[in-house]
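File shown: my_file11.cif. Contents: mmCIF, C-alpha atoms.
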data_work
loop_
_atom_site.label_atom_id
_atom_site.label_comp_id
_atom_site.auth_asym_id
_atom_site.auth_seq_id
_atom_site.Cartn_x
_atom_site.Cartn_y
_atom_site.Cartn_z
CA MET A 273 -62.64 -12.30 49.61
CA ALA A 274 -61.74 -14.68 46.82
CA SER A 275 -62.21 -18.30 47.78
CA SER A 276 -59.21 -20.57 48.41
CA MET A 277 -60.42 -22.69 45.51
CA ALA A 278 -60.19 -19.65 43.25
CA ALA A 279 -56.69 -18.88 44.51
CA ASP A 280 -55.58 -22.48 43.90
CA ALA A 281 -56.86 -22.26 40.32
CA ILE A 282 -54.91 -19.11 39.42
CA PRO A 283 -51.65 -20.85 38.32
CA ALA A 284 -53.57 -23.24 36.04
CA PHE A 285 -55.48 -20.33 34.49
CA LEU A 286 -52.33 -18.28 33.92
CA GLU A 287 -50.80 -21.23 32.07
CA THR A 288 -53.70 -21.16 29.58
CA ILE A 289 -52.78 -17.66 28.37
CA SER A 290 -51.31 -18.41 24.95
CA LEU A 291 -49.45 -15.12 24.42
CA GLU A 292 -49.94 -15.63 20.70
CA ARG A 293 -50.55 -11.90 20.76
CA ALA A 294 -49.53 -9.24 23.23
CA GLU A 295 -51.27 -6.16 21.94
CA LEU A 296 -52.15 -3.12 24.02
CA LYS A 297 -55.69 -1.88 23.35
CA PHE A 298 -55.97 0.89 25.95
CA CYS A 299 -53.60 2.60 28.37
CA GLU A 300 -54.31 5.49 30.70
CA ARG A 301 -53.06 6.96 33.94
CA PHE A 302 -55.74 8.75 35.92
CA ASP A 303 -56.95 9.74 39.38
CA GLY A 304 -60.21 9.50 41.30
CA LYS A 305 -61.63 12.65 39.65
CA SER A 306 -61.24 11.32 36.13
CA GLN A 307 -64.36 10.90 34.01
CA ILE A 308 -62.87 7.68 32.60
CA TRP A 309 -63.97 5.64 35.63
CA ASN A 310 -66.95 3.40 34.96
CA PHE A 311 -68.73 2.76 38.25
CA GLU A 312 -71.41 0.56 36.68
CA LYS A 313 -70.89 -3.19 36.49
CA HIS A 314 -69.17 -3.89 33.18
CA SER A 315 -66.71 -6.18 31.40
CA HIS A 316 -64.18 -6.06 28.58
CA PRO A 317 -63.24 -8.50 25.79
CA TYR A 318 -59.58 -8.14 26.83
CA PHE A 319 -57.54 -8.52 29.98
CA GLU A 320 -57.76 -5.42 32.17
CA LEU A 321 -54.70 -4.86 34.33
CA ILE A 322 -54.64 -2.10 36.94
CA PHE A 323 -51.81 -0.88 39.14
CA PHE A 324 -52.81 1.17 42.18
CA ILE A 325 -50.17 3.89 42.56
CA GLU A 326 -52.31 5.53 45.20
CA GLY A 327 -55.62 4.91 46.90
CA LYS A 328 -57.99 2.25 48.17
CA ALA A 329 -60.97 0.48 46.64
CA ASN A 330 -63.38 -2.38 47.12
CA VAL A 331 -63.84 -4.50 44.03
CA ASP A 332 -66.92 -6.56 43.21
CA ALA A 333 -65.84 -9.09 40.56
CA GLY A 334 -67.88 -12.17 39.81
CA ALA A 335 -68.62 -13.76 43.19
CA ASP A 336 -65.61 -12.11 44.87
CA LEU A 337 -65.19 -9.01 47.02
CA LEU A 338 -61.60 -7.76 47.14
CA ASP A 339 -59.94 -4.98 49.11
CA ILE A 340 -57.37 -3.12 47.00
CA SER A 341 -54.80 -0.61 48.21
CA LEU A 342 -51.46 1.04 47.51
CA PHE A 343 -49.08 -0.92 45.22
CA ASP A 344 -51.62 -3.67 44.47
CA VAL A 345 -51.96 -5.22 41.01
CA LEU A 346 -55.51 -6.09 39.96
CA ILE A 347 -56.33 -8.24 36.92
CA TYR A 348 -59.71 -8.92 35.34
CA PRO A 349 -59.78 -11.83 32.86
CA PRO A 350 -61.67 -11.21 29.60
CA GLY A 351 -65.43 -11.12 30.05
CA LEU A 352 -65.45 -10.89 33.86
CA ALA A 353 -68.12 -8.47 35.07
CA HIS A 354 -66.75 -6.13 37.73
CA THR A 355 -67.29 -2.89 39.61
CA GLU A 356 -64.82 -0.69 41.51
CA HIS A 357 -65.96 1.17 44.61
CA LEU A 358 -63.36 3.82 45.40
CA ASP A 359 -62.62 4.98 48.93
CA PHE A 360 -62.81 8.73 48.34
CA ALA A 361 -61.26 9.42 51.73
CA HIS A 362 -57.99 8.58 49.95
CA ARG A 363 -56.50 10.08 46.81
CA GLN A 364 -56.72 7.67 43.88
CA GLU A 365 -54.21 7.22 41.07
CA ILE A 366 -53.93 4.19 38.83
CA ILE A 367 -52.43 2.99 35.57
CA CYS A 368 -54.97 0.93 33.61
CA LEU A 369 -54.19 -1.34 30.66
CA TRP A 370 -56.38 -3.41 28.34
CA ALA A 371 -54.38 -6.13 26.64
CA ASP A 372 -55.16 -8.77 24.03
CA LEU A 373 -52.97 -11.70 25.10
CA GLY A 374 -54.35 -14.29 22.73
CA PRO A 375 -56.66 -17.21 23.55
CA CYS A 376 -56.98 -18.28 27.18
CA GLY A 377 -59.11 -20.45 29.40
CA LEU A 378 -62.23 -19.28 31.21
CA TYR A 379 -61.75 -17.83 34.68
CA ASP A 380 -64.51 -16.02 36.58
CA HIS A 381 -62.45 -14.41 39.34
CA ALA A 382 -60.36 -11.27 39.63
CA ILE A 383 -56.67 -11.73 40.46
CA LYS A 384 -54.97 -9.54 43.05
CA LEU A 385 -51.38 -9.47 44.22
CA PRO A 386 -49.06 -7.00 45.97
CA ASP A 387 -46.13 -5.60 44.02
CA ALA A 388 -43.64 -6.70 46.67
CA ARG A 389 -40.50 -6.14 44.60
CA GLY A 390 -41.63 -3.12 42.56
CA SER A 391 -41.35 -5.09 39.30
CA PHE A 392 -44.94 -4.55 38.22
CA ARG A 393 -44.90 -0.81 38.83
CA GLN A 394 -41.83 -0.49 36.63
CA LEU A 395 -43.54 -2.46 33.85
CA PHE A 396 -46.79 -0.49 34.08
CA GLU A 397 -44.98 2.84 34.02
CA THR A 398 -42.71 1.82 31.13
CA ILE A 399 -45.70 0.62 29.10
CA TYR A 400 -47.48 3.92 29.77
CA LEU A 401 -44.44 5.96 28.73
CA GLU A 402 -43.97 3.94 25.55
CA PHE A 403 -47.67 4.15 24.70
CA THR A 404 -47.76 7.93 25.11
CA GLY A 405 -44.25 8.69 23.83
CA ASN A 406 -44.78 8.05 20.08
CA ARG A 407 -41.32 6.50 19.77
CA PRO A 408 -40.03 3.92 17.26
CA PHE A 409 -40.56 0.23 18.16
CA ALA A 410 -42.97 1.16 20.96
CA ALA A 411 -45.47 -1.59 20.02
CA GLU A 412 -42.75 -4.27 20.10
CA ILE A 413 -41.38 -3.02 23.42
CA ILE A 414 -44.88 -2.92 24.94
CA ALA A 415 -45.59 -6.47 23.70
CA ASN A 416 -42.43 -7.75 25.37
CA HIS A 417 -43.34 -6.00 28.63
CA LEU A 418 -46.82 -7.51 28.57
CA ARG A 419 -45.33 -10.98 28.11
CA THR A 420 -42.91 -10.30 30.97
CA MET A 421 -45.84 -9.29 33.15
CA VAL A 422 -47.60 -12.61 32.51
CA LEU A 423 -44.39 -14.51 33.31
CA LEU A 424 -44.03 -12.58 36.58
CA LEU A 425 -47.63 -13.47 37.43
CA ARG A 426 -46.92 -17.13 36.78
CA GLN A 427 -43.78 -16.93 38.89
CA HIS A 428 -45.60 -15.27 41.78
CA PHE A 429 -48.43 -17.82 41.92
CA ALA A 430 -46.15 -20.80 41.32
CA GLN A 431 -44.57 -20.20 44.72
CA PRO A 432 -46.63 -21.83 47.49
CA ALA A 433 -47.77 -19.39 50.15
CA SER A 434 -46.01 -20.03 53.44
CA GLU A 435 -47.00 -18.87 56.89
CA SER A 436 -44.16 -16.33 56.84
CA HIS A 437 -45.50 -14.99 53.52
CA THR A 438 -48.90 -14.43 55.14
CA GLN A 439 -47.26 -12.69 58.09
CA VAL A 440 -45.37 -10.32 55.81
CA GLU A 441 -48.60 -9.60 53.91
CA ARG A 442 -50.27 -8.56 57.17
CA CYS A 443 -47.37 -6.23 57.90
CA LEU A 444 -47.48 -4.69 54.43
CA SER A 445 -51.18 -3.93 54.88
CA TYR A 446 -50.52 -2.35 58.27
CA ILE A 447 -47.70 -0.19 56.89
CA HIS A 448 -49.81 1.02 53.96
CA GLU A 449 -52.60 1.97 56.35
CA ASN A 450 -50.40 3.62 58.99
CA TYR A 451 -47.28 4.86 57.16
CA ALA A 452 -47.80 8.43 58.46
CA HIS A 453 -47.58 7.30 62.10
CA ASP A 454 -44.41 6.55 64.06
CA PHE A 455 -45.40 3.09 65.24
CA PRO A 456 -42.66 0.85 66.73
CA VAL A 457 -41.66 -2.47 65.22
CA GLU A 458 -43.37 -4.14 68.19
CA ALA A 459 -46.74 -2.84 66.99
CA LEU A 460 -46.04 -4.20 63.53
CA ALA A 461 -45.00 -7.59 64.90
CA LYS A 462 -48.20 -7.74 66.92
CA THR A 463 -50.29 -7.59 63.73
CA ALA A 464 -48.49 -10.72 62.49
CA TYR A 465 -48.52 -12.50 65.87
CA VAL A 466 -44.74 -12.92 65.87
CA SER A 467 -41.77 -11.54 67.80
CA PRO A 468 -40.04 -8.38 66.50
CA SER A 469 -36.80 -10.29 65.83
CA TYR A 470 -38.59 -12.98 63.82
CA LEU A 471 -40.55 -10.35 61.89
CA PHE A 472 -37.32 -8.53 61.05
CA ARG A 473 -35.83 -11.73 59.59
CA ILE A 474 -38.81 -12.83 57.51
CA PHE A 475 -39.62 -9.32 56.30
CA ARG A 476 -36.06 -8.68 55.16
CA ARG A 477 -35.86 -12.08 53.48
CA LYS A 478 -39.09 -11.41 51.57
CA MET A 479 -38.78 -7.70 50.80
CA GLY A 480 -35.02 -7.13 50.81
CA VAL A 481 -35.33 -4.27 53.32
CA THR A 482 -36.29 -3.88 56.97
CA PRO A 483 -39.91 -3.03 57.90
CA MET A 484 -39.04 0.55 58.83
CA HIS A 485 -37.02 1.03 55.66
CA TYR A 486 -40.05 -0.13 53.71
CA ARG A 487 -42.20 2.37 55.61
CA ASN A 488 -39.83 5.13 54.49
CA MET A 489 -40.10 3.90 50.90
CA VAL A 490 -43.89 4.18 51.10
CA ARG A 491 -43.60 7.65 52.67
CA VAL A 492 -41.36 8.85 49.86
CA GLU A 493 -43.75 7.54 47.18
CA LYS A 494 -46.60 9.37 48.91
CA ALA A 495 -44.47 12.51 49.16
CA LYS A 496 -43.78 12.45 45.41
CA LEU A 497 -47.50 12.74 44.73
CA LEU A 498 -47.87 15.59 47.22
CA LEU A 499 -44.89 17.44 45.73
CA LEU A 500 -46.84 17.78 42.49
CA GLN A 501 -49.30 19.98 44.38
CA ARG A 502 -47.51 23.31 44.19
CA ALA A 503 -49.56 24.92 46.97
CA LEU A 504 -48.19 22.53 49.60
CA THR A 505 -45.06 23.56 51.49
CA MET A 506 -42.26 21.18 52.44
CA GLU A 507 -43.48 21.38 56.03
CA ASP A 508 -46.99 20.40 54.95
CA ILE A 509 -45.72 17.44 52.94
CA SER A 510 -43.23 16.14 55.48
CA GLY A 511 -45.89 16.24 58.19
CA ARG A 512 -48.49 14.48 56.06
CA VAL A 513 -46.19 11.54 55.32
CA GLY A 514 -45.00 11.13 58.90
CA PHE A 515 -41.85 13.23 59.34
CA GLU A 516 -41.80 15.87 62.05
CA ASP A 517 -38.36 17.15 60.99
CA VAL A 518 -38.24 18.63 57.48
CA LYS A 519 -34.47 18.20 57.23
CA TYR A 520 -34.73 14.52 58.10
CA PHE A 521 -37.53 14.15 55.55
CA SER A 522 -35.28 15.70 52.91
CA ARG A 523 -32.41 13.34 53.77
CA VAL A 524 -34.62 10.26 53.59
CA PHE A 525 -36.22 11.44 50.35
CA LYS A 526 -32.83 12.00 48.70
CA LYS A 527 -31.55 8.62 49.89
CA GLU A 528 -34.56 6.79 48.44
CA SER A 529 -35.06 8.76 45.22
CA GLY A 530 -31.63 10.15 44.38
CA CYS A 531 -32.69 13.79 44.52
CA SER A 532 -34.00 16.23 47.10
CA PRO A 533 -37.73 17.02 47.39
CA SER A 534 -37.20 20.48 45.87
CA GLU A 535 -35.24 18.98 42.96
CA PHE A 536 -38.00 16.45 42.38
CA ARG A 537 -40.58 19.25 42.35
CA ARG A 538 -38.57 21.28 39.83
CA GLN A 539 -38.01 18.27 37.55
CA ASN A 540 -41.72 17.47 37.53
CA ALA A 541 -43.07 21.01 37.44
CA ALA A 542 -44.54 20.60 33.98
CA GLU A 543 -46.33 17.31 34.70
#
When written as structure tokens, how does the structure in this file appear?
Amino acid sequence: MASSMAADAIPAFLETISLERAELKFCERFDGKSQIWNFEKHSHPYFELIFFIEGKANVDAGADLLDISLFDVLIYPPGLAHTEHLDFAHRQEIICLWADLGPCGLYDHAIKLPDARGSFRQLFETIYLEFTGNRPFAAEIIANHLRTMVLLLRQHFAQPASESHTQVERCLSYIHENYAHDFPVEALAKTAYVSPSYLFRIFRRKMGVTPMHYRNMVRVEKAKLLLLQRALTMEDISGRVGFEDVKYFSRVFKKESGCSPSEFRRQNAAE
């Protein structure tokens, strides 16, 4: 784990990023089978920013060991030597960016945070689409999104961590690990050492949804990835993400994504 001293230094380091430039040097979306992965210890002259759409990994960065999982954002400052160790028991999919953000201070730790509000995923995906879309003004749009990302990082780490924040983090980890199981809210509350009613209040205040609603959101995101595998039936997919009833799975999927699972599969058939 990163030391508390390292965590305390993150806001000061983020403030040193000048943003004189915000230029994208590399952008790719790939899975665990991609040949792009570099499993040797290495570093880059730019910021490397990774969003974990799917999967789990252990990261060795400087003197830190970090556990990374679904919906985590991982940032390597320029020059930081690092290695990713993927958990191949889980499917991996990431979006990786290298960005020149201008001069900055020295910082020899990786930075990790959960994408609690979904803001970072939206930025990563928009940057990827602009980078690969060959559209007018793409470089300017990407630069603005990179600056927004740094501002969101500063905002996140400017807020002091409270005990309730830590409790919600424990619950998020449990949900990501066990989303396919029908655990009761009491089991979730037990992981945070709080009562179910208190957990409901702090979770909703932090995330904007109830714990079980969030579990459904995770299930739907997992289902989207499975729907791209044409050989899997709706029964296969609904069972894998924790729904015994295919009709109920379809209702939840449509509520969360705006279309049915079959519509999503048709719309993404070419991808």
Could you give me, as JSON lines, a per-residue list for region 414-453 of chain A showing, wherever an atom lies at most 12 Å from an atom of region 376-400 of chain A, the closest pair of atoms and their distance in Å to one decimal, using all atoms listed in the file and sorting by chain then residue number from low to high?
{"residue": "A:Ile414", "atom": "CA", "partner": "A:Ile399", "partner_atom": "CA", "distance": 5.5}
{"residue": "A:Ala415", "atom": "CA", "partner": "A:Ile399", "partner_atom": "CA", "distance": 8.9}
{"residue": "A:Asn416", "atom": "CA", "partner": "A:Ile399", "partner_atom": "CA", "distance": 9.7}
{"residue": "A:His417", "atom": "CA", "partner": "A:Leu395", "partner_atom": "CA", "distance": 6.3}
{"residue": "A:Leu418", "atom": "CA", "partner": "A:Leu395", "partner_atom": "CA", "distance": 8.0}
{"residue": "A:Arg419", "atom": "CA", "partner": "A:Leu395", "partner_atom": "CA", "distance": 10.4}
{"residue": "A:Thr420", "atom": "CA", "partner": "A:Leu395", "partner_atom": "CA", "distance": 8.4}
{"residue": "A:Met421", "atom": "CA", "partner": "A:Phe392", "partner_atom": "CA", "distance": 7.0}
{"residue": "A:Val422", "atom": "CA", "partner": "A:Phe392", "partner_atom": "CA", "distance": 10.2}
{"residue": "A:Leu423", "atom": "CA", "partner": "A:Phe392", "partner_atom": "CA", "distance": 11.1}
{"residue": "A:Leu424", "atom": "CA", "partner": "A:Phe392", "partner_atom": "CA", "distance": 8.2}
{"residue": "A:Leu425", "atom": "CA", "partner": "A:Leu385", "partner_atom": "CA", "distance": 8.7}
{"residue": "A:Arg426", "atom": "CA", "partner": "A:Leu385", "partner_atom": "CA", "distance": 11.6}
{"residue": "A:Gln427", "atom": "CA", "partner": "A:Leu385", "partner_atom": "CA", "distance": 11.9}
{"residue": "A:His428", "atom": "CA", "partner": "A:Leu385", "partner_atom": "CA", "distance": 8.5}
{"residue": "A:Phe429", "atom": "CA", "partner": "A:Leu385", "partner_atom": "CA", "distance": 9.1}
{"residue": "A:His437", "atom": "CA", "partner": "A:Ala388", "partner_atom": "CA", "distance": 10.9}
{"residue": "A:Thr438", "atom": "CA", "partner": "A:Pro386", "partner_atom": "CA", "distance": 11.8}
{"residue": "A:Val440", "atom": "CA", "partner": "A:Ala388", "partner_atom": "CA", "distance": 10.0}
{"residue": "A:Glu441", "atom": "CA", "partner": "A:Pro386", "partner_atom": "CA", "distance": 8.4}
{"residue": "A:Arg442", "atom": "CA", "partner": "A:Pro386", "partner_atom": "CA", "distance": 11.4}
{"residue": "A:Cys443", "atom": "CA", "partner": "A:Ala388", "partner_atom": "CA", "distance": 11.8}
{"residue": "A:Leu444", "atom": "CA", "partner": "A:Ala388", "partner_atom": "CA", "distance": 8.9}
{"residue": "A:Ser445", "atom": "CA", "partner": "A:Pro386", "partner_atom": "CA", "distance": 9.7}
{"residue": "A:His448", "atom": "CA", "partner": "A:Pro386", "partner_atom": "CA", "distance": 11.3}
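Using the PyMOL selection byres ((chain A and resi 303) around 12) on the file at hand returns these residues: Glu300, Arg301, Phe302, Gly304, Lys305, Ser306, Gln307, Ile308, Trp309, Phe323, Phe324, Ile325, Glu326, Gly327, Lys328, Leu358, Phe360, His362, Arg363, Gln364, Glu365, Ile366, Ile367, Cys368 and Leu497 of chain A.
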Using all atoms listed in the file, which protein or nucleic acid residues come within 6 Å of Asp372 (chain A)? Drop anything in the same chain fewer than 2 positions from it, and give the result as a PDB file with C-alpha atoms, in the frame of the given file.
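Okay, selection.pdb is ready:
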ATOM      1  CA  ALA A 294     -49.530  -9.240  23.230  1.00  0.00           C
ATOM      2  CA  GLU A 295     -51.270  -6.160  21.940  1.00  0.00           C
ATOM      3  CA  TYR A 318     -59.580  -8.140  26.830  1.00  0.00           C
ATOM      4  CA  GLY A 374     -54.350 -14.290  22.730  1.00  0.00           C
TER       5      GLY A 374
END
| field | Ground truth for the PyMOL selection byres ((chain A and resi 454) around 10), written as a list in words | value |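 This file gives the following for the PyMOL selection byres ((chain A and resi 454) around 10): Asn450, Tyr451, Ala452, His453, Phe455, Pro456, Val457, Met484, Arg487, Gly514, Phe515 and Glu516 of chain A.
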| message | To test your reading of the syntax: which residues would the PyMOL selection byres ((chain A and resi 519) around 12) return for the file shown? Reply as a list in words. | response |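 When the PyMOL selection byres ((chain A and resi 519) around 12) is applied to the shown file, the picked residues are Met506, Glu507, Ser510, Gly511, Phe515, Glu516, Asp517, Val518, Tyr520, Phe521, Ser522, Arg523, Val524, Phe525, Lys526, Ser532, Pro533 and Ser534 of chain A.
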I need the residues from that last selection saved to file as a PDB file, in the frame of the given file (with C-alpha atoms), if you can.
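Below is the file that was written, again_3.pdb:
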ATOM      1  CA  MET A 506     -42.260  21.180  52.440  1.00  0.00           C
ATOM      2  CA  GLU A 507     -43.480  21.380  56.030  1.00  0.00           C
ATOM      3  CA  SER A 510     -43.230  16.140  55.480  1.00  0.00           C
ATOM      4  CA  GLY A 511     -45.890  16.240  58.190  1.00  0.00           C
ATOM      5  CA  PHE A 515     -41.850  13.230  59.340  1.00  0.00           C
ATOM      6  CA  GLU A 516     -41.800  15.870  62.050  1.00  0.00           C
ATOM      7  CA  ASP A 517     -38.360  17.150  60.990  1.00  0.00           C
ATOM      8  CA  VAL A 518     -38.240  18.630  57.480  1.00  0.00           C
ATOM      9  CA  TYR A 520     -34.730  14.520  58.100  1.00  0.00           C
ATOM     10  CA  PHE A 521     -37.530  14.150  55.550  1.00  0.00           C
ATOM     11  CA  SER A 522     -35.280  15.700  52.910  1.00  0.00           C
ATOM     12  CA  ARG A 523     -32.410  13.340  53.770  1.00  0.00           C
ATOM     13  CA  VAL A 524     -34.620  10.260  53.590  1.00  0.00           C
ATOM     14  CA  PHE A 525     -36.220  11.440  50.350  1.00  0.00           C
ATOM     15  CA  LYS A 526     -32.830  12.000  48.700  1.00  0.00           C
ATOM     16  CA  SER A 532     -34.000  16.230  47.100  1.00  0.00           C
ATOM     17  CA  PRO A 533     -37.730  17.020  47.390  1.00  0.00           C
ATOM     18  CA  SER A 534     -37.200  20.480  45.870  1.00  0.00           C
TER      19      SER A 534
END
| request: Identify which of the residues A:Ala329, A:Val490, A:Ala411, A:Ala495 lies closest to Ala361 (chain A), counting all atoms listed in the file when measuring atom-to-atom distances. | output: A:Ala329
| When distances are computed from all atoms listed in the file, which of A:Tyr446, A:Phe403, A:Tyr465, A:Phe298 shows the smallest separation from Pro483 (chain A)? | A:Tyr446
| Contact residues around Asn330 (chain A) with only C-alpha atoms at 7 Å, ignoring same-chain residues under 2 positions, as a list in words |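 After dropping sequence-adjacent residues, the list is Asp332, Leu337, Leu338, Asp339, Ile340, Glu356, His357 and Leu358 of chain A.
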| field | Between CA of Arg476 (chain A) and CA of Ala284 (chain A) - distance in Å to one decimal | value | 29.7 Å
| field | Computed interatomic separation between CA of Arg512 (chain A) and CA of Leu499 (chain A) (Å) | value |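 Pair CA of Arg512 (chain A) / CA of Leu499 (chain A) returns 11.3 Å.
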| query | When you draw a straight line from CA of Gly405 (chain A) to CA of Cys299 (chain A), how long is it in Å? | reply |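 So the two atoms, CA of Gly405 (chain A) and CA of Cys299 (chain A), lie 12.0 Å apart.
In terms of minimum interatomic distance to Leu296 (chain A), A:Leu321 ranks closest within A:Ile347, A:Asp508, A:Leu321, A:Arg473, counting only C-alpha atoms.
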| task | Tell me which protein, DNA and RNA residues are within 6 Å of Ser290 (chain A), counting only C-alpha atoms, leaving out same-chain ones fewer than 2 positions away, and put them as a list of chain:residue names. | result |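 Within the cut-off, the hits are A:Thr288, A:Glu292, A:Gly374, A:Pro375.
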